[in-house]
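J.: Got a file for you: run.cif, mmCIF, C-alpha atoms and all ligand atoms.
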```
data_start
#
loop_
_atom_site.label_atom_id
_atom_site.label_comp_id
_atom_site.auth_asym_id
_atom_site.auth_seq_id
_atom_site.Cartn_x
_atom_site.Cartn_y
_atom_site.Cartn_z
CA MET A 1 87.27 102.54 101.21
CA GLU A 2 86.52 103.28 104.83
CA THR A 3 89.32 101.96 107.10
CA LEU A 4 87.26 99.56 109.24
CA LYS A 5 85.52 98.17 106.17
CA CYS A 6 88.90 97.60 104.50
CA ILE A 7 90.20 95.77 107.59
CA GLU A 8 87.07 93.63 107.92
CA THR A 9 86.64 92.73 104.23
CA ARG A 10 90.27 91.86 103.44
CA ARG A 11 90.54 88.09 103.01
CA SER A 12 93.39 85.77 102.21
CA ILE A 13 93.03 85.11 98.47
CA ARG A 14 94.51 81.95 96.95
CA LYS A 15 92.80 81.88 93.54
CA PHE A 16 93.61 84.62 91.06
CA LYS A 17 92.59 85.81 87.61
CA SER A 18 95.30 85.70 84.93
CA ASP A 19 95.56 89.55 84.72
CA LYS A 20 98.94 90.97 85.69
CA ILE A 21 99.34 93.82 88.19
CA ASP A 22 100.83 96.87 86.51
CA HIS A 23 103.89 98.50 88.04
CA THR A 24 102.08 101.75 88.83
CA THR A 25 99.61 99.83 91.00
CA MET A 26 102.39 97.89 92.75
CA GLU A 27 104.29 101.13 93.37
CA ALA A 28 101.16 102.70 94.91
CA ILE A 29 100.73 99.68 97.22
CA VAL A 30 104.36 99.82 98.38
CA LYS A 31 104.12 103.60 98.80
CA ALA A 32 101.14 103.07 101.15
CA ALA A 33 103.02 100.32 103.02
CA SER A 34 105.96 102.70 103.52
CA PHE A 35 103.76 104.65 105.95
CA ALA A 36 103.68 101.67 108.35
CA PRO A 37 105.31 102.38 111.71
CA SER A 38 108.73 100.85 112.45
CA TRP A 39 111.31 100.67 115.23
CA LYS A 40 112.81 104.18 115.51
CA ASN A 41 111.55 104.68 111.95
CA THR A 42 114.27 102.32 110.70
CA GLN A 43 112.02 101.16 107.79
CA VAL A 44 113.82 97.85 107.29
CA THR A 45 111.12 96.17 105.16
CA ARG A 46 111.70 95.62 101.42
CA TYR A 47 109.58 94.02 98.66
CA VAL A 48 110.97 91.86 95.85
CA VAL A 49 108.21 91.30 93.28
CA ILE A 50 108.69 88.09 91.30
CA GLU A 51 106.88 88.42 87.97
CA ASP A 52 109.14 86.04 86.03
CA GLU A 53 107.14 82.81 85.68
CA ALA A 54 110.25 80.60 85.72
CA VAL A 55 111.57 82.08 88.99
CA LYS A 56 108.08 82.00 90.53
CA ALA A 57 107.67 78.32 89.55
CA LYS A 58 111.08 77.48 91.02
CA ILE A 59 110.09 79.05 94.35
CA ALA A 60 106.76 77.18 94.20
CA ASP A 61 108.55 73.87 93.51
CA GLU A 62 111.65 74.21 95.70
CA GLY A 63 111.03 76.97 98.24
CA VAL A 64 107.94 75.95 100.27
CA LEU A 65 109.19 72.92 102.21
CA GLY A 66 107.06 70.62 100.05
CA PHE A 67 103.80 72.29 101.18
CA GLU A 68 101.79 71.83 97.98
CA TYR A 69 98.97 74.09 99.08
CA ASN A 70 101.39 77.04 98.91
CA SER A 71 102.96 75.78 95.65
CA GLY A 72 99.52 75.91 94.02
CA THR A 73 98.77 79.38 95.36
CA ILE A 74 102.10 80.72 94.09
CA LYS A 75 101.62 79.19 90.64
CA ARG A 76 98.14 80.73 90.34
CA ALA A 77 99.31 84.20 91.50
CA ALA A 78 99.99 87.07 89.12
CA ALA A 79 103.16 87.75 91.10
CA LEU A 80 104.90 86.60 94.24
CA VAL A 81 106.12 89.27 96.64
CA VAL A 82 109.09 88.23 98.75
CA VAL A 83 109.00 90.49 101.78
CA THR A 84 112.52 90.95 103.11
CA MET A 85 114.06 92.89 105.98
CA VAL A 86 117.41 94.54 106.41
CA HIS A 87 118.96 92.67 109.34
CA GLY A 88 120.63 94.29 112.33
CA ARG A 89 118.91 97.67 112.63
CA SER A 90 115.43 97.23 114.08
CA GLY A 91 115.82 96.45 117.81
CA PHE A 92 119.52 97.32 117.82
CA GLU A 93 121.61 100.09 119.36
CA ARG A 94 124.15 101.92 117.21
CA ASP A 95 126.98 99.84 118.76
CA GLY A 96 125.29 96.63 117.53
CA SER A 97 123.92 95.52 120.90
CA TYR A 98 120.26 94.61 121.42
CA THR A 99 118.10 97.30 122.98
CA THR A 100 115.61 94.91 124.63
CA SER A 101 115.23 91.26 125.63
CA LYS A 102 113.32 90.68 122.37
CA GLU A 103 116.71 91.00 120.70
CA ASP A 104 116.35 91.09 116.87
CA ARG A 105 112.69 90.04 116.85
CA TRP A 106 111.56 93.64 116.39
CA GLU A 107 112.59 93.45 112.73
CA THR A 108 110.09 90.64 112.17
CA PHE A 109 107.48 92.65 114.06
CA ASP A 110 108.12 95.65 111.77
CA ALA A 111 107.95 93.47 108.66
CA GLY A 112 104.63 92.05 109.88
CA ILE A 113 103.10 95.48 110.34
CA ALA A 114 104.39 96.54 106.92
CA THR A 115 103.09 93.36 105.29
CA GLN A 116 99.58 93.81 106.68
CA THR A 117 99.65 97.47 105.58
CA PHE A 118 100.70 96.23 102.12
CA CYS A 119 97.79 93.73 102.06
CA LEU A 120 95.25 96.34 103.17
CA ALA A 121 96.46 98.83 100.56
CA ALA A 122 96.31 96.08 97.93
CA HIS A 123 92.73 95.25 98.97
CA GLU A 124 91.78 98.92 98.66
CA MET A 125 93.09 98.80 95.07
CA GLY A 126 91.21 95.58 94.23
CA VAL A 127 94.31 93.37 94.47
CA GLY A 128 93.99 90.14 96.47
CA SER A 129 96.80 88.73 98.58
CA VAL A 130 97.73 85.95 100.96
CA ILE A 131 100.60 86.03 103.42
CA MET A 132 102.48 82.72 103.51
CA GLY A 133 104.71 81.64 106.37
CA ILE A 134 105.47 78.10 105.24
CA PHE A 135 108.59 78.46 103.10
CA ASP A 136 112.30 77.67 103.22
CA GLU A 137 113.91 81.01 103.96
CA ASN A 138 117.41 80.03 102.89
CA LYS A 139 116.22 78.48 99.64
CA VAL A 140 114.05 81.48 98.76
CA ALA A 141 116.93 83.84 99.57
CA GLU A 142 119.19 81.80 97.26
CA LEU A 143 116.64 81.67 94.42
CA ILE A 144 116.19 85.46 94.39
CA GLY A 145 119.88 86.23 94.99
CA LEU A 146 119.11 88.12 98.20
CA ASP A 147 121.92 90.26 99.59
CA GLU A 148 123.40 88.83 102.82
CA SER A 149 122.42 91.99 104.70
CA GLN A 150 118.76 90.98 104.35
CA LYS A 151 116.52 88.13 105.49
CA VAL A 152 113.25 86.82 104.07
CA ALA A 153 110.30 87.74 106.32
CA ALA A 154 107.32 86.34 104.40
CA LEU A 155 105.94 85.43 101.00
CA VAL A 156 102.82 87.20 99.70
CA ALA A 157 101.02 85.89 96.63
CA VAL A 158 99.15 88.67 94.83
CA GLY A 159 96.73 89.02 91.95
CA TYR A 160 93.18 90.01 91.05
CA PRO A 161 90.84 87.75 93.08
CA ASP A 162 89.06 84.84 91.42
CA GLU A 163 87.26 83.81 94.61
CA GLU A 164 85.29 85.48 97.40
CA PRO A 165 86.00 83.43 100.51
CA ALA A 166 83.94 83.92 103.65
CA ALA A 167 85.80 85.20 106.69
CA PRO A 168 87.10 82.37 108.88
CA LYS A 169 85.48 82.55 112.30
CA ARG A 170 86.99 85.10 114.69
CA LYS A 171 87.27 84.78 118.45
CA ASP A 172 84.85 86.82 120.52
CA THR A 173 86.17 90.21 121.57
CA ALA A 174 85.64 89.19 125.20
CA ASP A 175 88.18 86.38 124.74
CA LEU A 176 90.74 88.76 123.26
CA LEU A 177 90.41 91.74 125.53
CA LYS A 178 91.20 92.36 129.17
CA PHE A 179 91.15 95.65 131.04
CA ILE A 180 93.26 96.11 134.16
C1 LIG A 201 102.16 84.79 109.59
C2 LIG A 201 101.14 84.15 108.69
C3 LIG A 201 101.45 83.00 108.00
C4 LIG A 201 100.52 82.43 107.14
N1 LIG A 201 100.90 81.35 106.39
C5 LIG A 201 100.06 80.88 105.44
C6 LIG A 201 100.51 79.89 104.53
O1 LIG A 201 101.66 79.42 104.58
N2 LIG A 201 99.63 79.46 103.57
C7 LIG A 201 98.36 79.98 103.47
O2 LIG A 201 97.62 79.56 102.57
N3 LIG A 201 97.90 80.93 104.31
C8 LIG A 201 98.73 81.41 105.28
N4 LIG A 201 98.32 82.43 106.11
C9 LIG A 201 96.95 82.98 105.97
C10 LIG A 201 96.04 82.56 107.14
O3 LIG A 201 95.69 81.22 106.99
C11 LIG A 201 94.79 83.48 107.16
O4 LIG A 201 95.20 84.81 107.40
C12 LIG A 201 93.78 83.07 108.22
O5 LIG A 201 93.25 81.80 107.96
C13 LIG A 201 92.62 84.07 108.34
O6 LIG A 201 91.97 84.24 107.09
P1 LIG A 201 91.81 85.69 106.43
O7 LIG A 201 93.22 86.20 106.14
O8 LIG A 201 91.02 85.50 105.17
O9 LIG A 201 91.11 86.56 107.41
C14 LIG A 201 99.23 83.01 107.00
C15 LIG A 201 98.91 84.18 107.68
C16 LIG A 201 99.86 84.76 108.51
C17 LIG A 201 99.52 86.06 109.19
#
```
Translate this structure into structure tokens?
Ligand SMILES: Cc1cc2nc3c(=O)[nH]c(=O)nc-3n(C[C@H](O)[C@H](O)[C@H](O)COP(=O)(O)O)c2cc1C

T.:
Amino acid sequence: METLKCIETRRSIRKFKSDKIDHTTMEAIVKAASFAPSWKNTQVTRYVVIEDEAVKAKIADEGVLGFEYNSGTIKRAAALVVVTMVHGRSGFERDGSYTTSKEDRWETFDAGIATQTFCLAAHEMGVGSVIMGIFDENKVAELIGLDESQKVAALVAVGYPDEEPAAPKRKDTADLLKFI
């Protein structure tokens, strides 16, 4: 797919067919996402794909701060991707000090870029996705047994789309752009 078309036609998908995503496809999506830029090429973003229905249901029931909209999306998804980041590298000097006043927030920035790259690559391969920010990061980390060196950045529900939502309205370019 042409790049601009891929960017413009990707939508957040919250209704999915029952088909599973095979591992070869998921590996190709993550391979594409690995080409996302990152702070000093630290590549701190990781992807934990939850296919196990029991674990996925537990996250849906206990890991989204009671936000039922996300519980439903997760239960309908073929898989739930927990996007995680290795803490303490992106935005840091070798001696452990922060490089800039944004402190450790560069790791979240990196994970965001990687996550959007993941979603665009998924879209190219016919896989729908929705990024979810409303979740309990400590609970999700506990439910997936996340190593203490990592933090949860986002949840992404994935699956073959069973809806074709229209694009929510975008702001005019003139409101977004300023030249100096
Ligand atoms: C950081 C972030 C957090 C989001 N959190 C949620 C969420 O918790 N639940 C949800 O259904 N959608 C969530 N979304 C999806 C947005 O609602 C969606 O991207 C937006 O409405 C634009 O629609 P589009 O992605 O189809 O263009 C989130 C998106 C981002 C980038």

J.: Check the smallest atom-to-atom distance from each of A:Thr117, A:Thr84, A:Asn70, A:Ser12 to Leu146 in chain A using only C-alpha atoms, then report the winner.

T.: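 The closest residue to Leu146 in chain A is A:Thr84.
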
J.: Which residues come within 12 Å of Pro37 in chain A, counting all atoms listed in the file, excluding same-chain residues fewer than 5 positions away, as a ChimeraX atom specification?

T.: /A:32,42-45,90,106-107,109-117

J.: As a quick test: using only C-alpha atoms and all ligand atoms, which residues lie no more than 10 Å away from ligand LIG 201 (chain A)? Give them as number ranges by chain.

T.: A: 7-14, 64, 67-74, 112, 115-116, 119, 129-135, 153-157, 164-170

J.: Do you have the CA of Pro161 in chain A-CA of Gly126 in chain A distance handy?

T.: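 For CA of Pro161 in chain A relative to CA of Gly126 in chain A, the distance reads 7.9 Å.
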
J.: Choose the residue, out of A:Leu176, A:Val152, A:Ile144, A:Ala121, that has the smallest atom-to-atom separation from Ala36 in chain A; count only C-alpha atoms.

T.: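 Looking at the shortest contact to Ala36 in chain A, the residue is A:Ala121.
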
J.: So what do you get for CA of His123 in chain A versus CA of Cys6 in chain A, distance-wise?

T.: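 Value for the CA of His123 in chain A-CA of Cys6 in chain A distance: 7.1 Å.
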
J.: Can you work out the spacing between CA of Glu93 in chain A and CA of Gln150 in chain A in Å, to one decimal?

T.: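 One can read the CA of Glu93 in chain A to CA of Gln150 in chain A distance as 17.8 Å.
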
J.: Nearest to Ser34 in chain A among A:Leu65, A:Phe118, A:Met1, A:Lys17, with distances taken over only C-alpha atoms: which residue is it?

T.: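 Closest to Ser34 in chain A of all the choices is A:Phe118.
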
J.: Which one of A:Asp172, A:Asp147, A:Asp162, A:Glu62 sits closest to Arg46 in chain A if you count all atoms listed in the file?

T.: A:Asp147

J.: Given the choices A:Leu4, A:Leu120, A:Val30, A:Leu143, which gets closest to Ala54 in chain A if the distance is worked out from only C-alpha atoms?

T.: A:Leu143

J.: Identify, on the basis of all atoms listed in the file, every residue whose closest approach to Glu148 in chain A does not exceed 12 Å; exclude the query and any residue fewer than 3 positions from it along the same chain; express the result as a list in words.

T.: Thr84, Met85, Val86, His87, Gly88, Asn138, Ala141, Glu142, Ile144, Gly145, Lys151 and Val152 of chain A

J.: Which is closer to Lys20 in chain A than all the others in A:Asp104, A:Glu53, A:Glu2, A:Glu137, using all atoms listed in the file?

T.: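 Closest candidate: A:Glu53.
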